[in-house]
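Shown here: protein01.cif, mmCIF, C-alpha atoms.
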```
data_final
#
loop_
_atom_site.label_atom_id
_atom_site.label_comp_id
_atom_site.auth_asym_id
_atom_site.auth_seq_id
_atom_site.Cartn_x
_atom_site.Cartn_y
_atom_site.Cartn_z
CA MET M 1 2.72 -2.25 6.22
CA GLN M 2 5.12 -4.85 4.87
CA ARG M 3 3.39 -7.84 3.28
CA GLY M 4 4.83 -11.13 2.18
CA ALA M 5 4.67 -12.10 -1.48
CA VAL M 6 3.59 -15.45 -2.86
CA ILE M 7 5.48 -15.90 -6.11
CA ASP M 8 3.90 -18.09 -8.79
CA ASP M 9 6.68 -17.71 -11.34
CA LEU M 10 9.84 -19.34 -10.00
CA TRP M 11 12.00 -16.99 -12.07
CA MET M 12 10.62 -13.87 -10.43
CA ARG M 13 11.92 -12.89 -7.01
CA PRO M 14 10.76 -10.31 -4.47
CA LEU M 15 12.82 -7.15 -4.72
CA LYS M 16 14.69 -5.97 -1.67
CA HIS M 17 13.10 -3.18 0.41
CA GLY M 18 9.55 -3.75 -0.83
CA TYR M 19 6.84 -2.60 1.57
CA THR M 20 3.29 -1.59 0.66
CA ASN M 21 3.05 -3.51 -2.63
CA ARG M 22 4.14 -6.81 -4.09
CA THR M 23 7.14 -6.07 -6.32
CA VAL M 24 9.07 -8.84 -8.05
CA GLY M 25 11.74 -8.93 -10.74
CA ASP M 26 13.95 -11.21 -12.79
CA GLY M 27 16.82 -8.86 -13.66
CA SER M 28 15.11 -7.78 -16.87
CA VAL M 29 11.69 -6.53 -15.83
CA VAL M 30 9.94 -5.58 -12.61
CA GLU M 31 6.28 -6.40 -11.95
CA LYS M 32 4.39 -4.34 -9.40
CA THR M 33 1.04 -5.45 -7.98
CA TYR M 34 -0.71 -2.83 -5.87
CA GLU M 35 -2.28 -3.73 -2.54
CA GLY M 36 -4.26 -1.89 0.09
CA PRO M 37 -6.60 1.11 -0.12
CA ASP M 38 -7.06 2.88 -3.46
CA ALA M 39 -4.87 0.33 -5.21
CA GLY M 40 -6.42 1.06 -8.60
CA LEU M 41 -5.96 4.81 -8.27
CA ARG M 42 -2.37 4.46 -7.11
CA ARG M 43 -1.60 2.07 -9.97
CA ALA M 44 -3.13 4.40 -12.58
CA ARG M 45 -1.34 7.43 -11.15
CA GLU M 46 2.07 5.76 -11.21
CA HIS M 47 1.59 4.33 -14.70
CA THR M 48 0.52 7.69 -16.12
CA LEU M 49 3.20 9.68 -14.36
CA LEU M 50 6.07 7.34 -15.20
CA THR M 51 4.99 7.41 -18.83
CA ARG M 52 5.01 11.21 -18.89
CA LEU M 53 8.31 11.52 -17.03
CA GLN M 54 10.29 9.45 -19.55
CA GLY M 55 13.22 11.59 -20.74
CA LYS M 56 12.51 14.27 -18.12
CA LEU M 57 13.69 12.53 -14.96
CA PRO M 58 15.55 9.27 -14.23
CA VAL M 59 12.65 6.84 -13.84
CA PRO M 60 12.20 3.18 -14.82
CA PRO M 61 11.01 2.54 -18.39
CA VAL M 62 7.35 1.54 -18.64
CA HIS M 63 6.62 -1.73 -20.44
CA GLY M 64 2.90 -1.92 -19.86
CA LEU M 65 -0.09 -2.28 -17.59
CA ASP M 66 -2.05 -5.52 -17.84
CA ASN M 67 -4.37 -7.40 -15.48
CA GLY M 68 -3.64 -4.92 -12.72
CA ILE M 69 0.14 -5.42 -12.90
CA LEU M 70 2.47 -2.58 -13.85
CA THR M 71 5.51 -3.89 -15.70
CA LEU M 72 8.66 -1.77 -15.72
CA GLY M 73 12.14 -2.20 -17.10
CA PHE M 74 14.73 -3.31 -14.55
CA VAL M 75 17.15 -0.51 -13.61
CA THR M 76 20.65 -1.36 -12.40
CA GLY M 77 21.61 0.54 -9.27
CA THR M 78 22.19 0.27 -5.56
CA PRO M 79 19.40 1.32 -3.17
CA GLY M 80 20.27 4.58 -1.45
CA GLN M 81 19.69 3.21 2.04
CA ASP M 82 22.23 0.44 1.40
CA LEU M 83 24.84 3.02 0.44
CA ILE M 84 24.05 5.06 3.55
CA ASP M 85 24.52 1.96 5.68
CA ALA M 86 27.87 1.49 3.91
CA GLY M 87 29.01 4.91 5.15
CA ARG M 88 28.27 7.02 2.07
CA ALA M 89 25.48 9.14 3.53
CA ALA M 90 26.95 12.47 2.41
CA GLN M 91 27.19 11.41 -1.24
CA VAL M 92 23.74 9.82 -1.26
CA LEU M 93 22.01 12.79 0.35
CA GLU M 94 23.75 15.24 -1.94
CA ALA M 95 22.42 13.25 -4.89
CA CYS M 96 18.96 13.25 -3.28
CA GLY M 97 19.01 17.04 -2.93
CA THR M 98 20.10 17.64 -6.50
CA LEU M 99 17.48 15.27 -7.90
CA LEU M 100 14.68 16.59 -5.71
CA ARG M 101 15.30 20.08 -7.07
CA ARG M 102 14.83 18.67 -10.58
CA ILE M 103 11.58 16.99 -9.54
CA HIS M 104 10.22 20.21 -8.08
CA GLU M 105 11.20 22.13 -11.21
CA THR M 106 9.36 19.66 -13.47
CA ALA M 107 6.22 21.15 -14.99
CA PRO M 108 3.23 20.20 -12.80
CA SER M 109 1.30 19.52 -16.00
CA VAL M 110 2.76 15.99 -16.00
CA LEU M 111 0.06 15.25 -13.43
CA GLY M 112 -2.62 16.08 -15.97
CA ALA M 113 -4.66 18.95 -17.29
CA GLY M 114 -5.26 21.75 -14.81
CA ALA M 115 -2.35 20.86 -12.52
CA GLN M 116 -1.00 24.40 -12.41
CA ASP M 117 -1.83 25.83 -8.96
CA ALA M 118 0.44 28.75 -8.15
CA GLY M 119 3.21 28.00 -5.69
CA GLN M 120 2.75 24.23 -5.84
CA VAL M 121 5.14 21.69 -7.31
CA LEU M 122 5.23 18.06 -8.37
CA VAL M 123 5.56 16.20 -5.06
CA HIS M 124 6.88 12.64 -5.16
CA GLY M 125 5.03 11.73 -1.98
CA ASP M 126 7.54 9.22 -0.58
CA PHE M 127 10.84 10.85 -1.40
CA GLY M 128 14.06 9.69 0.18
CA PRO M 129 17.06 7.41 -0.23
CA ASN M 130 14.64 4.49 0.19
CA ASN M 131 13.28 5.15 -3.29
CA MET M 132 16.52 5.99 -5.06
CA LEU M 133 18.78 3.71 -7.11
CA LEU M 134 22.31 5.06 -7.56
CA ASP M 135 25.57 4.15 -9.19
CA PRO M 136 27.69 3.00 -6.22
CA VAL M 137 30.84 4.64 -7.62
CA THR M 138 29.71 7.95 -9.12
CA PHE M 139 26.49 8.31 -7.05
CA GLN M 140 24.63 9.36 -10.17
CA VAL M 141 20.92 8.64 -9.76
CA ALA M 142 19.88 5.72 -11.96
CA ALA M 143 16.18 5.93 -11.07
CA VAL M 144 13.64 7.33 -8.65
CA VAL M 145 10.94 4.72 -8.01
CA ASP M 146 7.53 4.41 -6.33
CA TRP M 147 5.54 7.39 -7.61
CA GLU M 148 2.12 6.10 -6.55
CA PHE M 149 1.62 8.88 -3.97
CA ALA M 150 2.74 11.71 -6.27
CA HIS M 151 0.57 14.82 -6.30
CA LEU M 152 0.60 18.57 -6.61
CA GLY M 153 1.65 20.13 -3.32
CA ASP M 154 4.18 22.01 -1.23
CA ALA M 155 7.90 21.35 -1.67
CA VAL M 156 8.30 20.96 2.10
CA GLU M 157 6.45 17.64 1.90
CA ASP M 158 9.34 15.97 0.05
CA LEU M 159 12.05 17.91 1.89
CA ALA M 160 10.65 16.95 5.26
CA TRP M 161 10.01 13.31 4.35
CA CYS M 162 13.55 12.74 3.12
CA GLU M 163 14.75 14.21 6.42
CA TRP M 164 12.31 11.95 8.28
CA ILE M 165 13.64 8.85 6.54
CA VAL M 166 17.18 9.72 7.62
CA ARG M 167 16.25 10.66 11.19
CA MET M 168 14.09 7.55 11.66
CA HIS M 169 16.16 4.90 9.88
CA HIS M 170 19.70 6.33 9.73
CA ALA M 171 19.87 8.55 12.81
CA GLU M 172 23.63 8.23 13.10
CA HIS M 173 23.95 10.00 9.73
CA ARG M 174 21.60 12.95 10.39
CA GLN M 175 24.49 15.43 10.19
CA ALA M 176 24.75 14.59 6.49
CA LEU M 177 21.34 16.20 5.97
CA ASP M 178 23.22 19.49 5.56
CA ARG M 179 24.50 18.11 2.25
CA PHE M 180 20.93 17.29 1.22
CA PHE M 181 19.57 20.76 1.90
CA HIS M 182 22.61 22.49 0.38
CA ALA M 183 22.36 20.42 -2.81
CA TYR M 184 18.64 21.18 -3.07
CA GLY M 185 19.65 24.82 -3.33
CA GLY M 186 16.38 26.42 -2.33
CA PRO M 187 15.14 27.97 0.90
CA VAL M 188 14.88 25.42 3.70
CA PRO M 189 11.65 25.74 5.69
CA ALA M 190 12.07 26.27 9.42
CA TRP M 191 12.24 23.22 11.66
CA PRO M 192 8.67 23.62 13.04
CA VAL M 193 7.34 23.63 9.47
CA ARG M 194 9.35 20.55 8.52
CA GLN M 195 8.33 18.69 11.68
CA ALA M 196 4.67 19.55 11.09
CA ALA M 197 4.95 18.11 7.56
CA MET M 198 6.49 14.93 8.96
CA LEU M 199 3.67 14.53 11.49
CA ALA M 200 1.05 15.17 8.82
CA ARG M 201 2.50 12.40 6.67
CA CYS M 202 2.65 10.01 9.63
CA ALA M 203 -1.04 10.71 10.24
CA GLU M 204 -1.84 10.02 6.57
CA LEU M 205 -0.02 6.69 6.70
CA GLU M 206 -1.73 5.76 9.96
CA LEU M 207 -5.09 6.37 8.25
CA PHE M 208 -3.94 4.38 5.20
CA CYS M 209 -3.11 1.42 7.43
CA HIS M 210 -6.37 1.80 9.36
CA ARG M 211 -8.35 1.60 6.11
CA TRP M 212 -6.35 -1.48 5.13
CA GLU M 213 -6.59 -3.31 8.47
CA SER M 214 -8.57 -1.51 11.14
CA ASN M 215 -6.47 -1.11 14.30
CA GLY M 216 -3.89 -3.53 12.90
CA PRO M 217 -0.14 -3.52 13.56
CA GLY M 218 0.47 -0.91 10.85
CA VAL M 219 -1.77 1.56 12.68
CA ARG M 220 0.12 1.07 15.94
CA GLN M 221 3.45 1.35 14.15
CA TRP M 222 2.59 4.75 12.69
CA GLN M 223 1.21 5.95 16.00
CA GLU M 224 4.52 5.05 17.61
CA ARG M 225 6.50 6.70 14.83
CA ALA M 226 4.42 9.86 15.13
CA ALA M 227 5.12 9.99 18.87
CA THR M 228 8.84 9.59 18.20
CA THR M 229 8.74 12.31 15.53
CA ALA M 230 6.93 14.72 17.85
CA GLY M 231 9.75 14.38 20.35
CA TRP M 232 12.55 15.30 17.95
CA GLN M 233 14.52 18.50 18.34
CA GLU M 234 16.21 20.26 15.43
#
```
Take the structure I supplied and represent it as structure tokens, if you would.
Amino acid sequence: MQRGAVIDDLWMRPLKHGYTNRTVGDGSVVEKTYEGPDAGLRRAREHTLLTRLQGKLPVPPVHGLDNGILTLGFVTGTPGQDLIDAGRAAQVLEACGTLLRRIHETAPSVLGAGAQDAGQVLVHGDFGPNNMLLDPVTFQVAAVVDWEFAHLGDAVEDLAWCEWIVRMHHAEHRQALDRFFHAYGGPVPAWPVRQAAMLARCAELELFCHRWESNGPGVRQWQERAATTAGWQE
């Protein structure tokens, strides 16, 4: 799914860890251009949600939406996956658990009128250390980014996907997931339920890639990742 970015403004640089979209920044602002299927819907959803979440959750400040580009304020922080790679998985995942609880306790009405289905919560849709910026000393969350897939749903979607990110990309730190679930503080769905949620998300991303580039490398990548996920044991 990763795409290269052609930068017209020499002062703007691609941000580290960008994947689906073209995201560039200059240390003051970040500009996000949406690519792939449903780009307009994803852009509108993220713009609306980030605007409504100001002061409720740690999210980047919104500067505006113009010519299809969402402009956000630059947030200082270290990407969670970099801190995990530096050996601080326990601290990062504890921060993830605490923050995810706050997300799930946020009133679903931030998604718009009528978003009040019983038993459902605000789901980030791509939650994990990959979308967290943290203070590298205190591990306080500076910002949660990339809300374009947010929706009303089941809490297990975010719980399972954060676990998937760790198992897939930081397998040597999977024992630290205990800190994540403990910090979340709520009931942890059984492994078969979490694994099913992981596989469902892999299938969604395979379809996303298929719509973008039929039978392209992204499709094969998600097929391979789904096969790997299906073989995991708790």
**OP:** Run through the PyMOL selection byres ((chain M and resi 157) around 12) on the given coordinates and return the selected residues as a PyMOL selection string.
**Re:** chain M and resi 100+104+120-128+149-156+158-164+188-189+193-202
**OP:** Give as a list in words the residues that the PyMOL selection byres ((chain M and resi 203) around 12) matches when applied to the coordinates above.
**Re:** Ala196, Ala197, Met198, Leu199, Ala200, Arg201, Cys202, Glu204, Leu205, Glu206, Leu207, Phe208, Cys209, His210, Gly218, Val219, Arg220, Gln221, Trp222, Gln223, Glu224, Arg225, Ala226, Ala227, Thr229 and Ala230 of chain M
Subject >> Top pick for closest residue to Thr71 in chain M, considering M:Val137, M:Val92, M:Val30, M:Val110 and counting only C-alpha atoms >> reply: M:Val30
**OP:** Take the PyMOL selection byres ((chain M and resi 141) around 12), apply it to the structure above, and return the hits as an MDAnalysis selection string.
**Re:** chainID M and resid 57:60 75:80 91:100 102 129 131:140 142:145
Using only C-alpha atoms, please write the residues we just selected to a file, as a PDB file, in the frame of the given file.
```pdb
ATOM      1  CA  LEU M  57      13.690  12.530 -14.960  1.00  0.00           C
ATOM      2  CA  PRO M  58      15.550   9.270 -14.230  1.00  0.00           C
ATOM      3  CA  VAL M  59      12.650   6.840 -13.840  1.00  0.00           C
ATOM      4  CA  PRO M  60      12.200   3.180 -14.820  1.00  0.00           C
ATOM      5  CA  VAL M  75      17.150  -0.510 -13.610  1.00  0.00           C
ATOM      6  CA  THR M  76      20.650  -1.360 -12.400  1.00  0.00           C
ATOM      7  CA  GLY M  77      21.610   0.540  -9.270  1.00  0.00           C
ATOM      8  CA  THR M  78      22.190   0.270  -5.560  1.00  0.00           C
ATOM      9  CA  PRO M  79      19.400   1.320  -3.170  1.00  0.00           C
ATOM     10  CA  GLY M  80      20.270   4.580  -1.450  1.00  0.00           C
ATOM     11  CA  GLN M  91      27.190  11.410  -1.240  1.00  0.00           C
ATOM     12  CA  VAL M  92      23.740   9.820  -1.260  1.00  0.00           C
ATOM     13  CA  LEU M  93      22.010  12.790   0.350  1.00  0.00           C
ATOM     14  CA  GLU M  94      23.750  15.240  -1.940  1.00  0.00           C
ATOM     15  CA  ALA M  95      22.420  13.250  -4.890  1.00  0.00           C
ATOM     16  CA  CYS M  96      18.960  13.250  -3.280  1.00  0.00           C
ATOM     17  CA  GLY M  97      19.010  17.040  -2.930  1.00  0.00           C
ATOM     18  CA  THR M  98      20.100  17.640  -6.500  1.00  0.00           C
ATOM     19  CA  LEU M  99      17.480  15.270  -7.900  1.00  0.00           C
ATOM     20  CA  LEU M 100      14.680  16.590  -5.710  1.00  0.00           C
ATOM     21  CA  ARG M 102      14.830  18.670 -10.580  1.00  0.00           C
ATOM     22  CA  PRO M 129      17.060   7.410  -0.230  1.00  0.00           C
ATOM     23  CA  ASN M 131      13.280   5.150  -3.290  1.00  0.00           C
ATOM     24  CA  MET M 132      16.520   5.990  -5.060  1.00  0.00           C
ATOM     25  CA  LEU M 133      18.780   3.710  -7.110  1.00  0.00           C
ATOM     26  CA  LEU M 134      22.310   5.060  -7.560  1.00  0.00           C
ATOM     27  CA  ASP M 135      25.570   4.150  -9.190  1.00  0.00           C
ATOM     28  CA  PRO M 136      27.690   3.000  -6.220  1.00  0.00           C
ATOM     29  CA  VAL M 137      30.840   4.640  -7.620  1.00  0.00           C
ATOM     30  CA  THR M 138      29.710   7.950  -9.120  1.00  0.00           C
ATOM     31  CA  PHE M 139      26.490   8.310  -7.050  1.00  0.00           C
ATOM     32  CA  GLN M 140      24.630   9.360 -10.170  1.00  0.00           C
ATOM     33  CA  ALA M 142      19.880   5.720 -11.960  1.00  0.00           C
ATOM     34  CA  ALA M 143      16.180   5.930 -11.070  1.00  0.00           C
ATOM     35  CA  VAL M 144      13.640   7.330  -8.650  1.00  0.00           C
ATOM     36  CA  VAL M 145      10.940   4.720  -8.010  1.00  0.00           C
TER      37      VAL M 145
END
```
**OP:** For Pro37 in chain M, work out the shell of residues within 8 Å, counting only C-alpha atoms and skipping chain neighbours fewer than 2 positions away, then give it as a list in words.
**Re:** Glu35, Ala39, Phe208, Arg211 and Trp212 of chain M
**OP:** Record the distance separating CA of Phe181 in chain M and CA of Gly231 in chain M, expressed in Å with one decimal.
**Re:** 21.9 Å
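Considering the residues M:Gly25, M:Leu177, M:Arg167, M:Asn130 and counting only C-alpha atoms, Leu83 in chain M has its shortest atom-to-atom contact with M:Asn130.
Considering all atoms listed in the file, the residue among M:Arg179, M:Arg174, M:His169, M:Arg45 positioned nearest to Asp82 in chain M is M:His169.
Between CA of Arg52 in chain M and CA of Ile165 in chain M the interatomic distance comes to 27.0 Å.
Compared by their closest atoms to Arg42 in chain M, and using all atoms listed in the file, the residues M:Ala107, M:Ile84, M:Ile69, M:Val166 rank with M:Ile69 nearest.
Ranking M:Gln175, M:Leu41, M:Pro187, M:Ala89 by their shortest atom-to-atom distance to Glu234 in chain M, with all atoms listed in the file included, puts M:Gln175 first.
Across the structure, CA of Gly55 in chain M and CA of Ile103 in chain M are spaced 12.5 Å apart.
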Original post:
So, counting all atoms listed in the file, which residue among M:Ala86, M:Val24, M:Val29, M:Leu111 is closest to Ala44 in chain M?
Top reply: M:Leu111
**OP:** Write out as a ChimeraX atom specification each polymer residue whose atoms come within 6 Å of Glu46 in chain M, counting all atoms listed in the file; drop sequence neighbours fewer than 4 positions from it.
**Re:** /M:50,147-148
